[in-house]
>>> print(open('entry07.tsv').read())   # TSV, C-alpha atoms
chain	number	residue	atom	x	y	z
A	237	MET	CA	32.86	63.57	-15.39
A	238	PHE	CA	31.44	62.80	-18.85
A	239	ASN	CA	29.25	59.93	-17.58
A	240	TYR	CA	27.97	62.06	-14.71
A	241	LEU	CA	27.06	64.93	-17.04
A	242	THR	CA	25.35	62.50	-19.42
A	243	ARG	CA	23.16	61.25	-16.58
A	244	LEU	CA	22.28	64.82	-15.62
A	245	ALA	CA	21.33	65.64	-19.22
A	246	ARG	CA	19.02	62.62	-19.34
A	247	GLN	CA	17.25	63.80	-16.21
A	248	LEU	CA	16.62	67.22	-17.72
A	249	ALA	CA	15.30	65.75	-20.98
A	250	TRP	CA	12.69	63.62	-19.21
A	251	LEU	CA	11.40	66.27	-16.77
A	252	PRO	CA	7.87	66.44	-18.34
A	253	LEU	CA	7.32	62.82	-17.24
A	254	CYS	CA	7.45	63.93	-13.59
A	255	ALA	CA	3.99	65.48	-13.85
A	256	LEU	CA	2.45	62.10	-14.69
A	257	GLY	CA	4.46	60.30	-12.03
A	258	ALA	CA	3.34	62.67	-9.30
A	259	CYS	CA	-0.40	62.14	-9.90
A	260	PHE	CA	-0.77	58.56	-11.18
A	261	PRO	CA	-2.63	56.03	-8.93
A	262	ARG	CA	-0.29	53.49	-7.35
A	263	ASN	CA	-0.58	49.73	-6.83
A	264	ASP	CA	0.56	48.62	-3.35
A	265	ARG	CA	1.48	45.16	-4.65
A	266	LEU	CA	3.68	46.32	-7.51
A	267	TRP	CA	7.30	46.75	-6.42
A	268	VAL	CA	10.10	47.95	-8.68
A	269	PHE	CA	13.79	47.15	-8.15
A	270	GLY	CA	17.04	48.55	-9.55
A	271	ALA	CA	20.71	48.86	-8.66
A	272	TRP	CA	23.92	50.75	-9.30
A	273	HIS	CA	22.58	53.52	-11.56
A	274	GLY	CA	20.67	50.92	-13.55
A	275	GLN	CA	23.88	49.26	-14.77
A	276	GLN	CA	24.07	46.15	-12.59
A	277	TYR	CA	21.93	43.24	-11.41
A	278	ALA	CA	23.50	43.04	-7.99
A	279	ASP	CA	23.65	43.82	-4.31
A	280	ASN	CA	20.82	44.19	-1.79
A	281	ALA	CA	18.26	44.98	-4.47
A	282	ARG	CA	18.95	41.75	-6.36
A	283	ALA	CA	18.83	39.61	-3.22
A	284	LEU	CA	15.50	41.09	-2.14
A	285	TYR	CA	14.09	40.94	-5.69
A	286	ARG	CA	14.88	37.23	-5.86
A	287	HIS	CA	13.23	36.63	-2.50
A	288	VAL	CA	10.04	38.50	-3.44
A	289	HIS	CA	9.88	36.81	-6.85
A	290	ALA	CA	10.30	33.34	-5.33
A	291	HIS	CA	8.42	33.58	-2.02
A	292	GLU	CA	5.81	36.37	-2.21
A	293	PRO	CA	3.29	35.25	-4.89
A	294	ASP	CA	0.83	38.08	-4.18
A	295	LEU	CA	3.46	40.68	-5.03
A	296	ARG	CA	4.61	41.62	-8.52
A	297	ALA	CA	8.34	42.34	-8.61
A	298	VAL	CA	9.81	44.05	-11.69
A	299	TRP	CA	13.49	44.81	-12.25
A	300	LEU	CA	14.21	48.04	-14.15
A	301	THR	CA	17.54	48.72	-15.79
A	302	HIS	CA	19.40	50.93	-18.25
A	303	SER	CA	21.45	47.97	-19.53
A	304	ARG	CA	20.27	45.42	-22.09
A	305	ASP	CA	22.75	42.92	-20.71
A	306	VAL	CA	21.14	43.20	-17.27
A	307	LEU	CA	17.69	42.90	-18.87
A	308	ARG	CA	18.73	39.66	-20.52
A	309	ARG	CA	20.21	38.22	-17.32
A	310	VAL	CA	17.07	38.85	-15.27
A	311	GLN	CA	14.82	37.40	-17.95
A	312	GLU	CA	17.02	34.32	-18.30
A	313	GLU	CA	16.54	33.78	-14.55
A	314	GLY	CA	12.79	33.78	-15.10
A	315	GLY	CA	12.24	37.22	-13.61
A	316	GLU	CA	10.25	40.12	-14.97
A	317	ALA	CA	12.34	43.05	-16.20
A	318	ALA	CA	12.15	46.07	-18.48
A	319	MET	CA	14.30	48.91	-19.71
A	320	ALA	CA	13.61	51.79	-17.34
A	321	TYR	CA	12.68	54.33	-20.02
A	322	SER	CA	10.98	52.00	-22.48
A	323	LEU	CA	7.20	52.31	-22.80
A	324	ARG	CA	6.78	49.22	-20.60
A	325	GLY	CA	9.25	50.53	-18.05
A	326	ILE	CA	7.44	53.87	-17.89
A	327	LEU	CA	4.02	52.24	-17.47
A	328	VAL	CA	5.30	49.98	-14.70
A	329	SER	CA	6.92	52.96	-12.97
A	330	LEU	CA	3.71	54.99	-13.13
A	331	ARG	CA	1.79	52.21	-11.35
A	332	ALA	CA	4.28	50.90	-8.77
A	333	ARG	CA	4.07	51.85	-5.11
A	334	LEU	CA	7.59	50.94	-3.94
A	335	PHE	CA	10.91	51.59	-5.65
A	336	LEU	CA	13.78	49.65	-4.07
A	337	VAL	CA	17.27	50.81	-5.01
A	338	THR	CA	20.90	50.62	-3.89
A	339	HIS	CA	21.95	54.18	-4.76
A	340	SER	CA	19.23	56.59	-5.91
A	341	ALA	CA	16.17	57.01	-8.10
A	342	GLU	CA	18.57	56.86	-11.05
A	343	ASP	CA	18.74	53.09	-10.46
A	344	VAL	CA	15.19	52.86	-11.87
A	345	ASN	CA	13.04	55.46	-13.67
A	346	ALA	CA	13.68	58.64	-11.71
A	347	HIS	CA	10.83	60.59	-13.33
A	348	ALA	CA	7.87	58.20	-13.49
A	349	SER	CA	8.67	56.95	-9.97
A	350	LEU	CA	8.16	60.42	-8.48
A	351	GLY	CA	4.76	59.61	-6.98
A	352	GLY	CA	5.90	56.34	-5.44
A	353	THR	CA	7.87	55.58	-2.29
A	354	LEU	CA	11.64	55.46	-2.73
A	355	ILE	CA	13.37	52.98	-0.43
A	356	ASN	CA	17.16	52.94	-0.43
A	357	LEU	CA	18.42	49.47	0.51
A	358	THR	CA	21.95	50.95	0.28
A	359	HIS	CA	25.08	49.13	-0.90
A	360	GLY	CA	26.86	48.60	2.39
A	361	THR	CA	27.48	50.06	5.82
A	362	PRO	CA	29.63	53.09	5.03
A	363	LEU	CA	33.15	53.51	6.31
A	364	LYS	CA	33.94	56.09	3.60
A	365	ARG	CA	32.16	59.40	4.17
A	366	PHE	CA	29.56	60.13	1.52
A	367	GLY	CA	26.50	62.21	0.70
A	368	ARG	CA	26.29	65.42	2.71
A	369	ASP	CA	29.30	64.33	4.72
A	370	ALA	CA	31.55	64.20	1.64
A	371	HIS	CA	30.14	66.94	-0.59
A	372	ALA	CA	32.77	69.45	0.52
A	373	ARG	CA	35.49	67.23	-1.00
A	374	SER	CA	33.62	66.00	-4.05
A	375	GLN	CA	34.94	66.82	-7.53
A	376	ARG	CA	32.45	64.85	-9.65
A	377	ILE	CA	32.06	67.72	-12.15
A	378	GLY	CA	35.19	69.66	-11.32
A	379	GLY	CA	35.00	73.15	-9.89
A	380	ALA	CA	31.23	73.36	-10.41
A	381	THR	CA	30.52	70.47	-8.02
A	382	ARG	CA	30.01	72.58	-4.89
A	383	LEU	CA	27.68	75.01	-6.66
A	384	PHE	CA	25.67	72.12	-8.12
A	385	ASP	CA	25.34	70.33	-4.78
A	386	ARG	CA	24.21	73.48	-2.99
A	387	TYR	CA	21.68	74.90	-5.44
A	388	LEU	CA	20.76	72.50	-8.22
A	389	ARG	CA	21.06	68.89	-7.00
A	390	ARG	CA	17.75	68.76	-5.15
A	391	LEU	CA	15.85	70.01	-8.22
A	392	LEU	CA	16.63	66.88	-10.26
A	393	PRO	CA	14.30	63.87	-9.77
A	394	GLY	CA	17.18	61.39	-9.82
A	395	LYS	CA	18.93	63.24	-7.00
A	396	ARG	CA	15.99	63.44	-4.64
A	397	GLY	CA	16.44	61.97	-1.20
A	398	PRO	CA	14.97	58.58	-0.28
A	399	ASP	CA	11.75	58.33	1.69
A	400	GLN	CA	13.36	55.66	3.83
A	401	VAL	CA	16.76	53.99	4.16
A	402	LEU	CA	17.21	50.40	5.33
A	403	VAL	CA	20.51	49.53	6.97
A	404	ALA	CA	22.30	46.65	8.67
A	405	SER	CA	23.08	48.03	12.12
A	406	SER	CA	22.73	50.92	14.53
A	407	VAL	CA	26.14	52.15	13.36
A	408	GLY	CA	24.94	52.25	9.77
A	409	ARG	CA	21.80	53.99	10.94
A	410	GLU	CA	23.72	56.88	12.50
A	411	ARG	CA	25.92	57.30	9.43
A	412	MET	CA	23.04	57.21	6.95
A	413	MET	CA	21.08	59.74	8.99
A	414	SER	CA	24.06	62.06	8.75
A	415	ALA	CA	24.80	61.42	5.07
A	416	TYR	CA	21.20	61.86	3.91
A	417	GLY	CA	20.08	64.40	6.52
A	418	LEU	CA	17.19	62.16	7.59
A	419	PRO	CA	15.42	61.98	10.96
A	420	CYS	CA	15.91	58.79	12.95
A	421	GLU	CA	12.47	57.33	12.17
A	422	ARG	CA	13.30	57.28	8.45
A	423	VAL	CA	16.37	55.04	8.80
A	424	VAL	CA	15.59	51.50	9.91
A	425	ALA	CA	18.06	48.74	10.86
A	426	LEU	CA	16.83	45.35	9.61
A	427	GLY	CA	19.95	43.70	8.16
A	428	TYR	CA	21.11	43.33	4.55
A	429	PRO	CA	19.41	41.07	1.98
A	430	ARG	CA	22.77	40.45	0.28
A	431	TRP	CA	23.83	38.39	3.29
A	432	ASP	CA	21.83	35.61	1.63
A	433	ALA	CA	24.82	35.19	-0.70
A	434	PHE	CA	26.68	33.48	2.13
A	435	ARG	CA	24.60	30.37	1.36
A	436	THR	CA	26.19	29.96	-2.08
A	437	ASP	CA	28.83	27.40	-3.05
A	438	ALA	CA	31.78	29.79	-3.06
A	439	GLU	CA	34.34	27.08	-3.74
A	440	GLY	CA	32.27	25.93	-6.71
A	441	LEU	CA	32.16	29.47	-8.12
A	442	LEU	CA	35.93	29.76	-7.89
A	443	ARG	CA	36.41	26.29	-9.36
A	444	GLY	CA	34.37	27.40	-12.36
A	445	ALA	CA	37.01	30.10	-12.93
A	446	GLY	CA	39.85	27.58	-12.67
A	447	ILE	CA	40.71	28.38	-9.04
A	448	GLU	CA	40.85	25.26	-6.86
A	449	THR	CA	40.91	26.40	-3.21
A	450	ARG	CA	41.22	22.88	-1.76
A	451	THR	CA	44.88	22.71	-2.77
A	452	PHE	CA	45.73	25.55	-0.36
A	453	ALA	CA	45.92	25.67	3.43
A	454	GLY	CA	44.16	29.04	3.55
A	455	VAL	CA	42.51	31.65	1.32
A	456	LEU	CA	43.07	35.40	1.73
A	457	LEU	CA	41.01	38.00	-0.11
A	458	TYR	CA	42.47	41.45	-0.72
A	459	ALA	CA	39.61	43.85	-1.54
A	460	PRO	CA	40.68	47.50	-1.83
A	461	THR	CA	38.06	50.17	-2.43
A	462	LEU	CA	38.00	53.12	-4.81
A	463	ARG	CA	40.13	56.27	-4.50
A	464	MET	CA	39.18	59.86	-5.24
A	465	GLN	CA	35.58	58.83	-6.01
A	466	GLY	CA	36.64	56.61	-8.88
A	467	LYS	CA	39.30	58.91	-10.33
A	468	GLY	CA	42.26	57.47	-8.42
A	469	GLY	CA	44.31	54.34	-8.98
A	470	LEU	CA	46.17	51.85	-6.79
A	471	ASP	CA	49.42	49.97	-7.26
A	472	VAL	CA	48.30	46.70	-5.67
A	473	ALA	CA	51.83	45.29	-5.75
A	474	GLN	CA	53.20	48.32	-3.85
A	475	GLY	CA	56.30	48.34	-6.00
A	476	LYS	CA	58.16	45.12	-5.21
A	477	ARG	CA	56.57	44.46	-1.82
A	478	LEU	CA	53.96	41.92	-2.94
A	479	GLU	CA	56.54	40.18	-5.11
A	480	ALA	CA	58.78	39.83	-2.03
A	481	LEU	CA	55.84	38.20	-0.21
A	482	LEU	CA	55.48	35.35	-2.72
A	483	PRO	CA	57.92	32.96	-0.93
A	484	TRP	CA	55.90	33.38	2.27
A	485	LEU	CA	52.60	32.65	0.49
A	486	GLU	CA	54.13	29.56	-1.08
A	487	ARG	CA	55.70	28.35	2.16
A	488	GLU	CA	52.44	28.78	4.11
A	489	ARG	CA	50.42	27.36	1.18
A	490	LEU	CA	48.18	30.44	1.08
A	491	LEU	CA	46.16	31.67	-1.88
A	492	LEU	CA	45.80	35.43	-2.25
A	493	LEU	CA	42.72	36.51	-4.20
A	494	VAL	CA	42.56	40.14	-5.35
A	495	ARG	CA	39.31	41.93	-6.11
A	496	GLY	CA	39.19	45.69	-6.43
A	497	HIS	CA	36.19	47.98	-6.35
A	498	ALA	CA	34.38	48.30	-9.70
A	499	SER	CA	35.57	51.92	-9.96
A	500	LEU	CA	39.18	51.35	-8.85
A	501	LYS	CA	41.95	51.36	-11.45
A	502	MET	CA	44.38	48.67	-10.25
A	503	SER	CA	47.86	47.86	-11.50
A	504	GLY	CA	50.58	45.39	-10.62
A	505	ILE	CA	48.52	42.17	-10.62
A	506	ALA	CA	48.92	40.58	-14.05
A	507	ALA	CA	52.67	39.98	-13.79
A	508	LEU	CA	52.34	38.37	-10.35
A	509	GLU	CA	49.56	36.09	-11.57
A	510	ARG	CA	51.83	34.84	-14.32
A	511	ARG	CA	54.68	34.27	-11.90
A	512	SER	CA	52.86	32.50	-9.07
A	513	ALA	CA	49.78	30.30	-8.69
A	514	HIS	CA	49.38	31.76	-5.20
A	515	VAL	CA	48.04	35.10	-6.52
A	516	ARG	CA	44.83	35.25	-8.55
A	517	GLU	CA	42.57	38.13	-9.50
A	518	VAL	CA	38.80	37.62	-9.09
A	519	PRO	CA	37.53	40.67	-11.02
A	520	VAL	CA	34.13	42.31	-10.80
A	521	SER	CA	33.54	41.40	-14.44
A	522	ARG	CA	33.65	37.69	-13.52
A	523	PHE	CA	32.30	37.80	-9.95
A	524	ALA	CA	29.71	40.57	-9.70
A	525	ASP	CA	28.67	39.61	-6.16
A	526	VAL	CA	31.73	39.54	-3.92
A	527	ASN	CA	29.66	38.27	-0.98
A	528	ALA	CA	29.16	35.01	-2.87
A	529	LEU	CA	32.93	34.41	-2.59
A	530	LEU	CA	33.27	35.17	1.10
A	531	PRO	CA	32.39	31.68	2.47
A	532	ALA	CA	35.59	30.40	0.81
A	533	VAL	CA	37.74	33.13	2.37
A	534	ASP	CA	39.65	32.55	5.62
A	535	LEU	CA	40.87	36.14	6.07
A	536	LEU	CA	39.74	39.43	4.59
A	537	LEU	CA	42.36	42.05	3.84
A	538	THR	CA	40.90	45.45	2.95
A	539	ASP	CA	41.34	49.16	3.51
A	540	TYR	CA	38.27	51.45	3.64
A	541	SER	CA	35.70	49.10	2.10
A	542	SER	CA	32.26	48.40	3.56
A	543	LEU	CA	32.92	44.76	2.70
A	544	MET	CA	34.45	44.32	6.15
A	545	PHE	CA	31.02	44.86	7.74
A	546	ASP	CA	29.48	42.08	5.64
A	547	TYR	CA	32.41	39.74	6.28
A	548	ALA	CA	31.86	40.24	10.01
A	549	CYS	CA	28.79	37.99	9.65
A	550	LEU	CA	31.17	35.05	9.14
A	551	ARG	CA	33.13	35.87	12.31
A	552	ARG	CA	36.49	35.38	10.60
A	553	PRO	CA	39.68	37.49	10.89
A	554	ILE	CA	39.99	40.87	9.20
A	555	VAL	CA	43.22	42.80	8.58
A	556	LEU	CA	43.20	46.43	7.47
A	557	MET	CA	45.97	47.51	5.12
A	558	ALA	CA	46.07	51.26	4.58
A	559	PRO	CA	49.26	52.38	2.83
A	560	ASP	CA	47.71	55.76	2.03
A	561	LEU	CA	45.73	56.43	5.21
A	562	ALA	CA	46.99	59.99	5.73
A	563	SER	CA	46.12	61.10	2.20
A	564	TYR	CA	42.79	59.27	2.31
A	565	LEU	CA	41.78	61.05	5.49
A	566	ASN	CA	43.01	64.48	4.44
A	567	GLU	CA	42.64	64.59	0.65
A	568	ASP	CA	40.01	61.96	-0.21
A	569	VAL	CA	36.51	61.63	1.30
A	570	GLY	CA	37.76	60.44	4.69
A	571	VAL	CA	36.14	57.90	7.01
A	572	TYR	CA	33.55	57.73	9.74
A	573	GLY	CA	34.70	56.99	13.27
A	574	ASP	CA	38.22	56.31	14.51
A	575	TYR	CA	39.98	54.10	11.99
A	576	PHE	CA	42.33	52.51	14.53
A	577	ALA	CA	40.01	52.26	17.53
A	578	ASP	CA	37.19	50.71	15.46
A	579	ALA	CA	39.41	48.21	13.60
A	580	PRO	CA	38.39	44.52	13.90
A	581	GLY	CA	42.00	43.37	13.63
A	582	PRO	CA	45.55	44.51	12.92
A	583	VAL	CA	46.11	47.71	10.94
A	584	ILE	CA	49.17	47.52	8.69
A	585	GLU	CA	50.75	49.81	6.10
A	586	GLY	CA	52.04	47.36	3.50
A	587	TRP	CA	52.52	43.78	2.34
A	588	GLN	CA	55.73	43.34	4.35
A	589	GLN	CA	53.67	43.42	7.57
A	590	LEU	CA	51.13	40.80	6.51
A	591	PRO	CA	53.01	37.69	7.82
A	592	ALA	CA	53.14	39.15	11.34
A	593	ALA	CA	49.46	40.14	11.15
A	594	TRP	CA	48.56	36.64	9.96
A	595	ARG	CA	50.39	35.08	12.90
A	596	ALA	CA	48.69	37.47	15.31
A	597	VAL	CA	45.14	36.69	14.19
A	598	GLN	CA	45.91	32.95	14.08
A	599	ALA	CA	47.10	33.20	17.68
A	600	GLY	CA	43.84	34.87	18.70
A	601	GLU	CA	45.44	38.18	19.67
A	602	HIS	CA	42.62	40.17	18.04
A	603	ASP	CA	39.67	37.94	18.98
A	604	ALA	CA	38.23	40.49	21.41
A	605	ALA	CA	38.34	43.30	18.86
A	606	LEU	CA	36.71	41.07	16.25
A	607	ALA	CA	33.97	40.04	18.70
A	608	ARG	CA	33.16	43.70	19.41
A	609	PHE	CA	33.12	44.43	15.69
A	610	VAL	CA	30.74	41.54	14.98
A	611	ALA	CA	28.40	42.64	17.77
A	612	ARG	CA	28.26	46.19	16.39
A	613	HIS	CA	27.80	45.34	12.73
A	614	ALA	CA	26.43	41.82	12.26
A	615	ALA	CA	23.98	41.23	15.11
A	616	LEU	CA	21.04	41.05	12.66
A	617	HIS	CA	22.57	38.24	10.61
A	618	ASP	CA	20.04	35.50	11.41
A	619	GLY	CA	19.02	34.11	8.02
A	620	ARG	CA	15.68	35.95	8.05
A	621	VAL	CA	16.62	39.39	6.76
A	622	CYS	CA	14.58	39.21	3.53
A	623	GLU	CA	11.48	38.04	5.40
A	624	ARG	CA	11.87	40.83	7.94
A	625	ILE	CA	12.34	43.50	5.29
A	626	THR	CA	9.41	42.26	3.21
A	627	THR	CA	7.11	42.45	6.24
A	628	HIS	CA	8.33	45.97	6.92
A	629	LEU	CA	7.86	47.05	3.30
A	630	ARG	CA	4.32	45.70	3.14
A	631	ALA	CA	3.45	48.04	5.99
A	632	CYS	CA	5.25	50.93	4.24
A	633	SER	CA	3.32	50.40	1.02
A	634	GLN	CA	-0.03	50.75	2.76
A	635	GLN	CA	0.53	54.06	4.45
A	636	PRO	CA	1.59	57.48	3.17
A	637	MET	CA	5.15	58.50	3.95
A	638	PRO	CA	5.79	62.24	4.21
A	639	ARG	CA	8.93	63.46	2.51
A	640	HIS	CA	11.72	65.09	4.45
A	641	ALA	CA	12.79	68.60	3.66
>>> encode(input="entry07.tsv", output="C-alpha cells")
Amino acid sequence: MFNYLTRLARQLAWLPLCALGACFPRNDRLWVFGAWHGQQYADNARALYRHVHAHEPDLRAVWLTHSRDVLRRVQEEGGEAAMAYSLRGILVSLRARLFLVTHSAEDVNAHASLGGTLINLTHGTPLKRFGRDAHARSQRIGGATRLFDRYLRRLLPGKRGPDQVLVASSVGRERMMSAYGLPCERVVALGYPRWDAFRTDAEGLLRGAGIETRTFAGVLLYAPTLRMQGKGGLDVAQGKRLEALLPWLERERLLLLVRGHASLKMSGIAALERRSAHVREVPVSRFADVNALLPAVDLLLTDYSSLMFDYACLRRPIVLMAPDLASYLNEDVGVYGDYFADAPGPVIEGWQQLPAAWRAVQAGEHDAALARFVARHAALHDGRVCERITTHLRACSQQPMPRHA
C-alpha cells in the first residue's frame, strides 16, 4: 500500500506539468519507451525499443525510467535513456509523439506525456482478471480502493486510459477491451515483441548461472504467478509434496526450474535446492526476461500466469497446477474464460500428480488441446512482430487519435 500511495503523491505533486504537456508541439519521429512503473528494462517495451534503436534509423527511441540502475543498463547497451522526471526526461516527454509502455503512463513521465499518444504494449495476454474486471476485488489501498477507483482514479494523469492497446491474439483483444473499456478499433492484435527473446541462447544463459541443462533428459519450468495482487504468498513445496517428488525427478533425470512472479512471496525452495541438484531457482533478480529461458524448457508448469500464452509459441507441453483454484476464483481476482475447458494440457492440484501428467503429455494425450491453444494464442508468431508493430505505429503517429471516454 505504501508504494502505491507514494506513486499517487508523486502524481499530485507534478500536476502543473500537465498544462505544458497538453499544448507542446510533438515530433512524430520521437518515440519514448518505458516499462513496469519505470522500474524495469524488460518485456514488450524493451524488445520493441531494441528493434527501433537497431533497425529504424530515422526514428529516435528514448527509454525513460525511474530507476538509476535501469538508466545505466540501457546506456551500457548503447541506447539513449533518461530519468523520467529529470530536466532531460521532461524535455523529451514534451516533444515525443508516441509513448510505448507495458502498464500505464506511470512507466514514463505521466504528466509531460499528456499531449502525446499513449500506446500500451501490455505485459501478456491476461488470464487473471484485471482493470475494470477486477476493481471490485481490489484492495490496493485498503477500504478506500473502491471509492478511489470510482471517483478519483481517472483524474490522475498516470491512471489515464491508453489511446490504443496492442495485443497478441483475438482472445487478448476481447479481454483488453473489457478490462480497459475500449471500443474494438482501439485494441489491435499484432503479436508480442517479447517473442523475439525466443531467439536467445537459453542454455547459455542458464550455464552462466551454473545450471548445465545438457546433463538432464528434460527441463521443467514451474512459474507460479502472484496472489492477492502481490500481497499473498505461496508455499512452492506444498508441505512435503515436492520433497516426495525428488526421487522421481532423479530417476527420470529431470531438472525442475522454479521462477515466481516478481511480486510473489515464495517459500520452500532453498532447502530443496540444497538437497537436490534436480531443483534450481531461476529468480527474477537474475533472469529478468523469463521468455529468454523458454527455449531451454521442455514443459511449462504454471497456474494462472500469462506466460502460458507466450510458451504456446514453442508448441511444447503445458501443465496447469492450481492447488488453490477455488480460493483464487472466489477470493482473488479470478480468471477469464473457463479454466478447465481452455486448458492446453492436464490440470492438476499438486506435485503428487505431476508424474502422471508428464506421462500423459509424453504419450500425446493432450496434443489436440495444445494445438487448439496454440491456434488461439500464438498464430501471429512469425518472426516479424516488431516490423509489423513499427509499421502500424508509424501510421498512428501521423494521425490524431481521439481519446475514449
>>> closest_residue(input="entry07.tsv", among="A:Ala258, A:Leu248, A:Ile326, A:Ala332", to="Arg296 in chain A", atoms="only C-alpha atoms")
A:Ala332
>>> closest_residue(input="entry07.tsv", among="A:Ala507, A:Met502, A:Asp525, A:Met464", to="Ser563 in chain A", atoms="only C-alpha atoms")
A:Met464
>>> residues_around(input="entry07.tsv", residues="Asp279 in chain A", least_positions_apart="4", cutoff="9 Å", atoms="all atoms listed in the file", output="compact mmCIF listing (two decimals) with C-alpha atoms, in the frame of the given file")
# COMPACT_ATOMS: atom_id res chain seq x y z
CA ALA A 271 20.71 48.86 -8.66
CA TRP A 272 23.92 50.75 -9.30
CA ALA A 283 18.83 39.61 -3.22
CA LEU A 284 15.50 41.09 -2.14
CA THR A 338 20.90 50.62 -3.89
CA THR A 358 21.95 50.95 0.28
CA HIS A 359 25.08 49.13 -0.90
CA GLY A 360 26.86 48.60 2.39
CA PRO A 429 19.41 41.07 1.98
CA ARG A 430 22.77 40.45 0.28
CA ALA A 524 29.71 40.57 -9.70
CA ASP A 525 28.67 39.61 -6.16
CA ASN A 527 29.66 38.27 -0.98
>>> closest_residue(input="entry07.tsv", among="A:Tyr416, A:Tyr321, A:Phe545, A:Phe260", to="Leu350 in chain A", atoms="all atoms listed in the file")
A:Phe260
>>> atom_distance(input="entry07.tsv", atom1="CA of Gly367 in chain A", atom2="CA of Ala415 in chain A")
4.8 Å
>>> build_atoms(input="entry07.tsv", residues="range 511-517 of chain A", atoms="all heavy atoms", output="compact mmCIF listing (two decimals), in the coordinates of the input")
# COMPACT_ATOMS: atom_id res chain seq x y z
N ARG A 511 53.50 34.81 -12.59
CA ARG A 511 54.68 34.27 -11.90
C ARG A 511 54.32 33.22 -10.85
O ARG A 511 55.10 32.27 -10.64
CB ARG A 511 55.45 35.41 -11.25
CG ARG A 511 56.64 34.96 -10.45
CD ARG A 511 57.47 36.09 -9.96
NE ARG A 511 58.53 35.63 -9.09
CZ ARG A 511 59.43 36.41 -8.52
NH1 ARG A 511 59.42 37.71 -8.76
NH2 ARG A 511 60.36 35.90 -7.73
N SER A 512 53.19 33.38 -10.18
CA SER A 512 52.86 32.50 -9.07
C SER A 512 51.40 32.08 -9.08
O SER A 512 50.51 32.91 -9.32
CB SER A 512 53.17 33.19 -7.74
OG SER A 512 52.74 32.41 -6.64
N ALA A 513 51.15 30.81 -8.79
CA ALA A 513 49.78 30.30 -8.69
C ALA A 513 49.14 30.69 -7.37
O ALA A 513 47.96 30.38 -7.13
CB ALA A 513 49.78 28.78 -8.83
N HIS A 514 49.90 31.37 -6.51
CA HIS A 514 49.38 31.76 -5.20
C HIS A 514 48.74 33.15 -5.21
O HIS A 514 48.27 33.61 -4.17
CB HIS A 514 50.50 31.71 -4.16
CG HIS A 514 50.95 30.32 -3.85
ND1 HIS A 514 50.59 29.67 -2.68
CD2 HIS A 514 51.69 29.44 -4.56
CE1 HIS A 514 51.12 28.45 -2.68
NE2 HIS A 514 51.79 28.29 -3.81
N VAL A 515 48.70 33.80 -6.37
CA VAL A 515 48.04 35.10 -6.52
C VAL A 515 47.09 35.02 -7.70
O VAL A 515 47.51 34.69 -8.82
CB VAL A 515 49.06 36.24 -6.75
CG1 VAL A 515 48.32 37.56 -6.97
CG2 VAL A 515 50.02 36.35 -5.57
N ARG A 516 45.82 35.29 -7.47
CA ARG A 516 44.83 35.25 -8.55
C ARG A 516 43.87 36.43 -8.40
O ARG A 516 43.40 36.74 -7.30
CB ARG A 516 44.03 33.95 -8.50
CG ARG A 516 44.83 32.70 -8.78
CD ARG A 516 45.34 32.65 -10.21
NE ARG A 516 44.25 32.66 -11.18
CZ ARG A 516 43.64 31.56 -11.61
NH1 ARG A 516 44.01 30.35 -11.16
NH2 ARG A 516 42.69 31.64 -12.51
N GLU A 517 43.56 37.06 -9.52
CA GLU A 517 42.57 38.13 -9.50
C GLU A 517 41.18 37.53 -9.70
O GLU A 517 40.99 36.63 -10.53
CB GLU A 517 42.84 39.16 -10.59
CG GLU A 517 41.88 40.35 -10.53
CD GLU A 517 42.15 41.42 -11.56
OE1 GLU A 517 43.04 41.22 -12.40
OE2 GLU A 517 41.47 42.47 -11.52
